[in-house]
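Okay, start33.csv is below, CSV, C-alpha atoms:
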```
chain,number,residue,atom,x,y,z
M,1200,MET,CA,-15.9,-12.7,10.7
M,1201,ASP,CA,-18.4,-11.9,8.0
M,1202,PHE,CA,-16.7,-12.3,4.7
M,1203,SER,CA,-19.7,-10.9,2.8
M,1204,LYS,CA,-18.7,-7.4,3.9
M,1205,PHE,CA,-15.5,-7.6,1.8
M,1206,LYS,CA,-15.7,-6.1,-1.6
M,1207,THR,CA,-13.6,-7.1,-4.6
M,1208,SER,CA,-11.2,-4.2,-3.9
M,1209,ASP,CA,-10.8,-5.4,-0.3
M,1210,TRP,CA,-10.0,-8.9,-1.4
M,1211,LEU,CA,-7.4,-7.6,-3.8
M,1212,ILE,CA,-5.6,-5.6,-1.1
M,1213,VAL,CA,-5.8,-8.5,1.5
M,1214,GLY,CA,-4.8,-11.1,-1.1
M,1215,GLY,CA,-1.8,-8.9,-2.0
M,1216,GLY,CA,-0.9,-8.6,1.6
M,1217,VAL,CA,-1.0,-12.4,2.1
M,1218,LEU,CA,1.1,-13.0,-1.0
M,1219,THR,CA,3.5,-10.3,0.3
M,1220,LEU,CA,3.8,-12.2,3.6
M,1221,ILE,CA,4.6,-15.4,1.8
M,1222,GLY,CA,6.9,-13.9,-0.8
M,1223,GLY,CA,8.8,-11.8,1.7
M,1224,LEU,CA,9.3,-14.3,4.5
M,1225,PHE,CA,9.3,-17.8,3.0
M,1226,LEU,CA,10.5,-17.5,-0.6
M,1227,ASP,CA,14.0,-16.6,-1.7
M,1228,TRP,CA,14.5,-13.1,-3.3
M,1229,LEU,CA,17.8,-14.0,-4.9
M,1230,LYS,CA,19.1,-17.2,-6.4
M,1231,ALA,CA,22.8,-17.9,-6.6
M,1232,ASP,CA,24.1,-20.2,-9.3
M,1233,GLY,CA,25.3,-23.4,-7.7
M,1234,PHE,CA,24.4,-22.4,-4.1
M,1235,GLY,CA,21.3,-23.1,-2.0
M,1236,GLY,CA,19.3,-20.5,-0.2
M,1237,GLY,CA,19.2,-16.8,-0.9
M,1238,ALA,CA,18.2,-13.4,0.3
M,1239,HIS,CA,14.8,-12.4,1.6
M,1240,ALA,CA,12.8,-9.1,1.8
M,1241,PHE,CA,14.5,-7.9,5.0
M,1242,ASP,CA,17.9,-8.2,3.4
M,1243,PHE,CA,17.0,-5.1,1.4
M,1244,THR,CA,15.8,-2.3,3.6
M,1245,LEU,CA,14.5,0.3,1.1
M,1246,THR,CA,13.4,-1.9,-1.7
M,1247,GLY,CA,12.5,-5.0,0.3
M,1248,ALA,CA,11.5,-4.4,4.0
M,1249,LEU,CA,9.8,-1.0,3.5
M,1250,PRO,CA,7.5,-2.2,0.7
M,1251,TRP,CA,6.8,-5.4,2.7
M,1252,ILE,CA,5.7,-3.3,5.7
M,1253,LEU,CA,3.6,-1.0,3.5
M,1254,LEU,CA,1.8,-3.8,1.8
M,1255,ILE,CA,1.1,-5.7,5.1
M,1256,ALA,CA,-0.1,-2.4,6.7
M,1257,ALA,CA,-2.5,-1.8,3.8
M,1258,ALA,CA,-4.0,-5.3,4.2
M,1259,VAL,CA,-4.3,-4.8,8.0
M,1260,ILE,CA,-5.9,-1.4,7.6
M,1261,THR,CA,-8.3,-2.8,5.0
M,1262,VAL,CA,-9.4,-5.7,7.3
M,1263,LEU,CA,-9.8,-3.3,10.3
M,1264,LEU,CA,-11.9,-0.9,8.2
M,1265,VAL,CA,-14.2,-3.7,6.9
M,1266,LEU,CA,-14.7,-5.1,10.3
M,1267,GLY,CA,-15.5,-1.7,11.7
M,1268,LYS,CA,-12.6,-1.7,14.2
M,1269,LEU,CA,-11.1,1.4,12.5
M,1270,ASP,CA,-13.1,4.6,12.1
M,1271,SER,CA,-13.2,5.4,8.4
M,1272,LYS,CA,-14.1,9.0,9.2
M,1273,THR,CA,-10.9,9.9,11.1
M,1274,GLN,CA,-8.5,9.7,8.1
M,1275,PRO,CA,-8.8,9.4,4.3
M,1276,TRP,CA,-7.9,5.7,4.5
M,1277,PRO,CA,-8.5,4.9,0.9
M,1278,LEU,CA,-6.1,7.6,-0.1
M,1279,ILE,CA,-3.5,6.5,2.5
M,1280,VAL,CA,-3.7,2.9,1.4
M,1281,LEU,CA,-3.4,3.9,-2.3
M,1282,GLY,CA,-0.3,6.0,-1.5
M,1283,GLY,CA,1.3,3.2,0.5
M,1284,THR,CA,0.6,0.5,-2.1
M,1285,VAL,CA,1.8,2.7,-5.0
M,1286,LEU,CA,5.0,3.5,-3.1
M,1287,ALA,CA,5.6,-0.2,-2.4
M,1288,ALA,CA,5.0,-1.1,-6.0
M,1289,LEU,CA,7.5,1.6,-7.2
M,1290,LEU,CA,10.2,0.5,-4.7
M,1291,LEU,CA,9.7,-3.1,-5.7
M,1292,LEU,CA,9.8,-2.2,-9.4
M,1293,ILE,CA,13.2,-0.6,-8.8
M,1294,ARG,CA,14.4,-3.9,-7.1
M,1295,VAL,CA,13.0,-6.1,-9.9
M,1296,ILE,CA,14.3,-4.0,-12.8
M,1297,PHE,CA,17.7,-3.0,-11.6
M,1298,ASN,CA,18.3,-5.5,-8.8
M,1299,PRO,CA,20.8,-3.2,-7.3
M,1300,GLY,CA,23.7,-4.8,-5.5
M,1301,ALA,CA,23.3,-8.2,-7.1
M,1302,PRO,CA,26.6,-9.5,-8.6
M,1303,ASP,CA,26.9,-11.7,-11.7
M,1304,GLY,CA,25.6,-15.2,-11.2
M,1305,ILE,CA,22.8,-14.1,-8.9
M,1306,SER,CA,19.3,-13.8,-10.3
M,1307,ARG,CA,15.9,-12.8,-9.1
M,1308,GLY,CA,14.1,-15.4,-7.0
M,1309,LEU,CA,10.5,-16.4,-6.8
M,1310,GLY,CA,9.9,-14.4,-3.6
M,1311,MET,CA,10.9,-11.1,-5.2
M,1312,LEU,CA,8.7,-11.7,-8.3
M,1313,ALA,CA,5.8,-12.9,-6.1
M,1314,THR,CA,6.0,-9.8,-3.9
M,1315,PHE,CA,6.1,-7.5,-6.9
M,1316,VAL,CA,3.0,-9.1,-8.3
M,1317,ALA,CA,1.4,-8.8,-4.9
M,1318,ALA,CA,2.2,-5.1,-4.9
M,1319,LEU,CA,0.5,-4.7,-8.3
M,1320,ILE,CA,-2.6,-6.6,-7.1
M,1321,ALA,CA,-2.8,-4.6,-3.9
M,1322,THR,CA,-2.4,-1.4,-5.8
M,1323,ALA,CA,-5.2,-2.3,-8.2
M,1324,GLY,CA,-7.4,-3.0,-5.2
M,1325,ALA,CA,-6.4,0.2,-3.5
M,1326,PHE,CA,-7.2,2.2,-6.6
M,1327,LEU,CA,-10.6,0.6,-6.9
M,1328,SER,CA,-11.3,1.3,-3.2
M,1329,PHE,CA,-10.2,4.9,-3.7
M,1330,GLN,CA,-12.6,5.3,-6.7
M,1331,ALA,CA,-15.4,3.6,-4.8
M,1332,SER,CA,-14.9,6.2,-1.9
M,1333,GLY,CA,-15.6,9.0,-4.4
M,1334,GLY,CA,-12.0,9.8,-5.3
M,1335,LYS,CA,-10.9,10.7,-8.8
M,1336,LEU,CA,-7.5,10.4,-10.5
M,1337,SER,CA,-7.5,14.1,-11.0
M,1338,ASP,CA,-7.9,14.7,-7.3
M,1339,LEU,CA,-4.4,13.3,-6.7
M,1340,ALA,CA,-2.9,16.2,-8.7
M,1341,ASP,CA,-4.7,18.9,-6.7
M,1342,ILE,CA,-2.8,19.7,-3.5
M,1343,ASN,CA,-5.7,21.6,-2.1
M,1344,LYS,CA,-8.0,18.6,-2.3
M,1345,LEU,CA,-5.4,16.4,-0.8
M,1346,LYS,CA,-4.9,18.8,2.1
M,1347,ALA,CA,-8.7,19.1,2.6
M,1348,SER,CA,-9.1,15.3,2.7
M,1349,PHE,CA,-6.6,15.2,5.7
M,1350,ALA,CA,-8.4,18.1,7.3
M,1351,GLY,CA,-11.5,16.1,7.5
M,1352,GLY,CA,-12.8,17.7,4.2
M,1353,ASN,CA,-13.7,20.9,6.0
M,1354,GLU,CA,-12.6,23.7,3.7
M,1355,ALA,CA,-13.2,26.3,6.4
M,1356,ASP,CA,-10.2,25.0,8.4
M,1357,SER,CA,-7.9,25.8,5.5
M,1358,GLY,CA,-7.5,29.4,6.6
M,1359,ASP,CA,-9.5,31.0,3.8
M,1360,MET,CA,-12.3,32.1,6.0
M,1361,PRO,CA,-12.1,33.8,9.4
M,1362,PRO,CA,-13.3,31.9,12.5
M,1363,PRO,CA,-16.9,32.6,13.5
M,1364,PRO,CA,-17.6,35.3,16.1
M,1365,PRO,CA,-17.8,34.2,19.7
M,1366,ALA,CA,-21.2,33.4,21.1
M,1367,GLN,CA,-22.7,36.0,23.4
```
Can you present the structure in this file as structure tokens?
Amino acid sequence: MDFSKFKTSDWLIVGGGVLTLIGGLFLDWLKADGFGGGAHAFDFTLTGALPWILLIAAAVITVLLVLGKLDSKTQPWPLIVLGGTVLAALLLLIRVIFNPGAPDGISRGLGMLATFVAALIATAGAFLSFQASGGKLSDLADINKLKASFAGGNEADSGDMPPPPPAQ
């Protein structure tokens, strides 16, 4: 594996994925006063397991793109990775702020905080990667540009123009 191919944005995404792996599986997400052990990421489906999967997927996609095992022209991967990491960060923010379902005497554990920081790191890397691929923040608000990016960037496929006449 040639590590020189990895850019700073790639390292941020992969580093966020590794920290997510550690924080989601090996560190407690909740601490109970007077009790040992606690919950982990997979004890919370929407605000734990889903963000964990999204962040790990973002790291795997990034590694596959850098190694050339995934064709970067088939999908708008920087946009997909950015969307996944942003969604993961938002779901984890809900878990960190509100900590829904946690009764009194139970506090946030190191795993929850580490995974949230990992999501922020991966999101920063995904945003840098999105910008490096030519994307702009204003592009995210334009639904036609988003649709065109998933159509391979070919505006002719959007239905605005008739198909070419058949060859004779």
Among the residues M:Ser1203, M:Thr1261, M:Ser1306, M:Asn1343, the one that comes closest to M:Phe1329 [using only C-alpha atoms]: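 Result for the nearest residue to M:Phe1329: M:Thr1261.
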Within 9 Å of stretch 1257-1260 of chain M, which residues of stretch 1264-1344 of chain M show up? Give each one with its shortest atom-to-atom distance in Å (one decimal) and the two atoms involved, counting only C-alpha atoms, rows by chain then rising residue number, as JSON lines.
```
{"residue": "M:Leu1264", "atom": "CA", "partner": "M:Ile1260", "partner_atom": "CA", "distance": 6.1}
{"residue": "M:Val1265", "atom": "CA", "partner": "M:Ile1260", "partner_atom": "CA", "distance": 8.6}
{"residue": "M:Leu1269", "atom": "CA", "partner": "M:Ile1260", "partner_atom": "CA", "distance": 7.7}
{"residue": "M:Trp1276", "atom": "CA", "partner": "M:Ile1260", "partner_atom": "CA", "distance": 8.0}
{"residue": "M:Ile1279", "atom": "CA", "partner": "M:Ala1257", "partner_atom": "CA", "distance": 8.5}
{"residue": "M:Val1280", "atom": "CA", "partner": "M:Ala1257", "partner_atom": "CA", "distance": 5.4}
{"residue": "M:Leu1281", "atom": "CA", "partner": "M:Ala1257", "partner_atom": "CA", "distance": 8.4}
{"residue": "M:Gly1283", "atom": "CA", "partner": "M:Ala1257", "partner_atom": "CA", "distance": 7.1}
{"residue": "M:Thr1284", "atom": "CA", "partner": "M:Ala1257", "partner_atom": "CA", "distance": 7.1}
{"residue": "M:Ala1321", "atom": "CA", "partner": "M:Ala1257", "partner_atom": "CA", "distance": 8.2}
{"residue": "M:Ala1325", "atom": "CA", "partner": "M:Ala1257", "partner_atom": "CA", "distance": 8.5}
```
Nearest-residue call for M:Lys1204, choices M:Leu1263, M:Leu1291, M:Ala1240, M:Leu1224, using all atoms listed in the file: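 Ranked by minimum distance to M:Lys1204, first place goes to M:Leu1263.
Minimum atom-to-atom distance to M:Leu1211, evaluated using all atoms listed in the file, belongs to M:Phe1326 out of M:Phe1326, M:Trp1228, M:Trp1251, M:Phe1315.
Atom CA of M:Asp1209 is positioned 6.4 Å from atom CA of M:Gly1324.
For the pair atom CA of M:Val1213 and atom CA of M:Pro1277, the interatomic distance is 13.7 Å.
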Best match for closeness to M:Lys1272 among M:Phe1243, M:Phe1205, M:Trp1210, M:Phe1349, counting only C-alpha atoms: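 Closest to M:Lys1272 of all the choices is M:Phe1349.
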Coordinates-based distance that separates atom CA of M:Met1311 from atom CA of M:Lys1230 (Å, one decimal):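 Calculated distance between atom CA of M:Lys1230 and atom CA of M:Met1311 is 10.3 Å.
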Nearest-residue call for M:Asp1227, choices M:Ser1271, M:Leu1339, M:Phe1241, M:Gly1334, using only C-alpha atoms: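 Among the listed residues, M:Phe1241 lies closest to M:Asp1227.
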Nearest residue to M:Thr1314 from the set M:Leu1286, M:Lys1335, M:Gly1237, M:Leu1292 (distances using all atoms listed in the file): M:Leu1292
Spatial neighbours of M:Phe1225, max dist 8 Å, only C-alpha atoms, sep filter under 4 positions, as a PDB file with C-alpha atoms, in the coordinates of the input:
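around-v2.pdb was written with the following content:
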```pdb
ATOM      1  CA  LEU M1220       3.800 -12.200   3.600  1.00  0.00           C
ATOM      2  CA  ILE M1221       4.600 -15.400   1.800  1.00  0.00           C
ATOM      3  CA  HIS M1239      14.800 -12.400   1.600  1.00  0.00           C
ATOM      4  CA  GLY M1310       9.900 -14.400  -3.600  1.00  0.00           C
TER       5      GLY M1310
END
```
Selection near M:Val1295, 12 Å with only C-alpha atoms, sequence-local residues under 2 positions removed, as a PyMOL selection string: chain M and resi 1228-1229+1246-1247+1288-1293+1297-1301+1306-1316+1318
For stretch 1211-1245 of chain M of the block above, can you save N, CA and C atoms as an mmCIF file, in the first residue's frame?
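What ended up in selection20.cif:
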```cif
data_model
loop_
_atom_site.group_PDB
_atom_site.id
_atom_site.type_symbol
_atom_site.label_atom_id
_atom_site.label_comp_id
_atom_site.auth_asym_id
_atom_site.auth_seq_id
_atom_site.Cartn_x
_atom_site.Cartn_y
_atom_site.Cartn_z
ATOM 1 N N LEU M 1211 -7.873 12.341 7.203
ATOM 2 C CA LEU M 1211 -8.888 12.748 8.175
ATOM 3 C C LEU M 1211 -10.071 11.784 8.166
ATOM 4 N N ILE M 1212 -10.514 11.386 6.988
ATOM 5 C CA ILE M 1212 -11.650 10.469 6.881
ATOM 6 C C ILE M 1212 -11.286 9.092 7.444
ATOM 7 N N VAL M 1213 -10.126 8.589 7.050
ATOM 8 C CA VAL M 1213 -9.694 7.270 7.529
ATOM 9 C C VAL M 1213 -9.422 7.301 9.037
ATOM 10 N N GLY M 1214 -8.790 8.369 9.508
ATOM 11 C CA GLY M 1214 -8.545 8.505 10.948
ATOM 12 C C GLY M 1214 -9.843 8.579 11.733
ATOM 13 N N GLY M 1215 -10.825 9.304 11.186
ATOM 14 C CA GLY M 1215 -12.139 9.350 11.820
ATOM 15 C C GLY M 1215 -12.786 7.978 11.849
ATOM 16 N N GLY M 1216 -12.594 7.205 10.793
ATOM 17 C CA GLY M 1216 -13.140 5.842 10.750
ATOM 18 C C GLY M 1216 -12.491 4.929 11.768
ATOM 19 N N VAL M 1217 -11.191 5.043 11.930
ATOM 20 C CA VAL M 1217 -10.482 4.204 12.910
ATOM 21 C C VAL M 1217 -10.899 4.581 14.328
ATOM 22 N N LEU M 1218 -10.998 5.890 14.599
ATOM 23 C CA LEU M 1218 -11.441 6.329 15.918
ATOM 24 C C LEU M 1218 -12.883 5.902 16.189
ATOM 25 N N THR M 1219 -13.705 5.901 15.146
ATOM 26 C CA THR M 1219 -15.081 5.419 15.270
ATOM 27 C C THR M 1219 -15.097 3.932 15.621
ATOM 28 N N LEU M 1220 -14.253 3.171 14.965
ATOM 29 C CA LEU M 1220 -14.168 1.736 15.242
ATOM 30 C C LEU M 1220 -13.825 1.490 16.708
ATOM 31 N N ILE M 1221 -12.850 2.215 17.199
ATOM 32 C CA ILE M 1221 -12.421 2.053 18.593
ATOM 33 C C ILE M 1221 -13.511 2.539 19.555
ATOM 34 N N GLY M 1222 -14.022 3.746 19.292
ATOM 35 C CA GLY M 1222 -15.020 4.330 20.190
ATOM 36 C C GLY M 1222 -16.341 3.590 20.193
ATOM 37 N N GLY M 1223 -16.702 3.002 19.072
ATOM 38 C CA GLY M 1223 -17.983 2.319 18.988
ATOM 39 C C GLY M 1223 -17.974 0.900 19.516
ATOM 40 N N LEU M 1224 -16.828 0.252 19.461
ATOM 41 C CA LEU M 1224 -16.772 -1.161 19.864
ATOM 42 C C LEU M 1224 -16.109 -1.405 21.207
ATOM 43 N N PHE M 1225 -15.088 -0.630 21.521
ATOM 44 C CA PHE M 1225 -14.262 -0.965 22.673
ATOM 45 C C PHE M 1225 -14.420 -0.029 23.865
ATOM 46 N N LEU M 1226 -15.027 1.139 23.668
ATOM 47 C CA LEU M 1226 -15.195 2.085 24.768
ATOM 48 C C LEU M 1226 -16.667 2.209 25.134
ATOM 49 N N ASP M 1227 -16.930 2.424 26.408
ATOM 50 C CA ASP M 1227 -18.311 2.553 26.880
ATOM 51 C C ASP M 1227 -18.918 3.877 26.426
ATOM 52 N N TRP M 1228 -20.170 3.816 26.018
ATOM 53 C CA TRP M 1228 -20.908 5.010 25.610
ATOM 54 C C TRP M 1228 -21.630 5.642 26.779
ATOM 55 N N LEU M 1229 -21.974 4.863 27.755
ATOM 56 C CA LEU M 1229 -22.641 5.372 28.952
ATOM 57 C C LEU M 1229 -21.912 4.856 30.174
ATOM 58 N N LYS M 1230 -21.879 5.702 31.212
ATOM 59 C CA LYS M 1230 -21.302 5.301 32.492
ATOM 60 C C LYS M 1230 -22.405 5.386 33.536
ATOM 61 N N ALA M 1231 -22.560 4.331 34.298
ATOM 62 C CA ALA M 1231 -23.539 4.325 35.386
ATOM 63 C C ALA M 1231 -22.799 4.534 36.697
ATOM 64 N N ASP M 1232 -23.324 5.445 37.507
ATOM 65 C CA ASP M 1232 -22.701 5.708 38.803
ATOM 66 C C ASP M 1232 -22.730 4.450 39.665
ATOM 67 N N GLY M 1233 -21.551 4.015 40.106
ATOM 68 C CA GLY M 1233 -21.471 2.870 40.998
ATOM 69 C C GLY M 1233 -21.488 1.519 40.310
ATOM 70 N N PHE M 1234 -21.613 1.505 38.970
ATOM 71 C CA PHE M 1234 -21.658 0.234 38.248
ATOM 72 C C PHE M 1234 -20.533 0.188 37.226
ATOM 73 N N GLY M 1235 -20.040 -0.974 36.958
ATOM 74 C CA GLY M 1235 -19.043 -1.142 35.921
ATOM 75 C C GLY M 1235 -19.711 -1.399 34.579
ATOM 76 N N GLY M 1236 -18.993 -1.154 33.524
ATOM 77 C CA GLY M 1236 -19.518 -1.420 32.186
ATOM 78 C C GLY M 1236 -20.554 -0.410 31.758
ATOM 79 N N GLY M 1237 -20.946 -0.475 30.511
ATOM 80 C CA GLY M 1237 -21.937 0.451 29.998
ATOM 81 C C GLY M 1237 -22.335 0.064 28.597
ATOM 82 N N ALA M 1238 -23.121 0.914 27.985
ATOM 83 C CA ALA M 1238 -23.623 0.663 26.639
ATOM 84 C C ALA M 1238 -22.550 0.960 25.594
ATOM 85 N N HIS M 1239 -22.757 0.397 24.406
ATOM 86 C CA HIS M 1239 -21.878 0.651 23.272
ATOM 87 C C HIS M 1239 -22.709 1.192 22.118
ATOM 88 N N ALA M 1240 -22.067 1.461 21.006
ATOM 89 C CA ALA M 1240 -22.737 2.081 19.861
ATOM 90 C C ALA M 1240 -23.941 1.285 19.387
ATOM 91 N N PHE M 1241 -23.840 -0.030 19.404
ATOM 92 C CA PHE M 1241 -24.910 -0.849 18.850
ATOM 93 C C PHE M 1241 -26.091 -1.034 19.809
ATOM 94 N N ASP M 1242 -25.995 -0.426 20.973
ATOM 95 C CA ASP M 1242 -27.141 -0.402 21.883
ATOM 96 C C ASP M 1242 -28.122 0.703 21.502
ATOM 97 N N PHE M 1243 -27.710 1.595 20.594
ATOM 98 C CA PHE M 1243 -28.536 2.702 20.122
ATOM 99 C C PHE M 1243 -28.578 2.634 18.596
ATOM 100 N N THR M 1244 -29.661 2.163 18.049
ATOM 101 C CA THR M 1244 -29.715 1.906 16.615
ATOM 102 C C THR M 1244 -29.569 3.174 15.779
ATOM 103 N N LEU M 1245 -30.447 4.147 15.984
ATOM 104 C CA LEU M 1245 -30.464 5.329 15.125
ATOM 105 C C LEU M 1245 -29.318 6.287 15.416
#
```
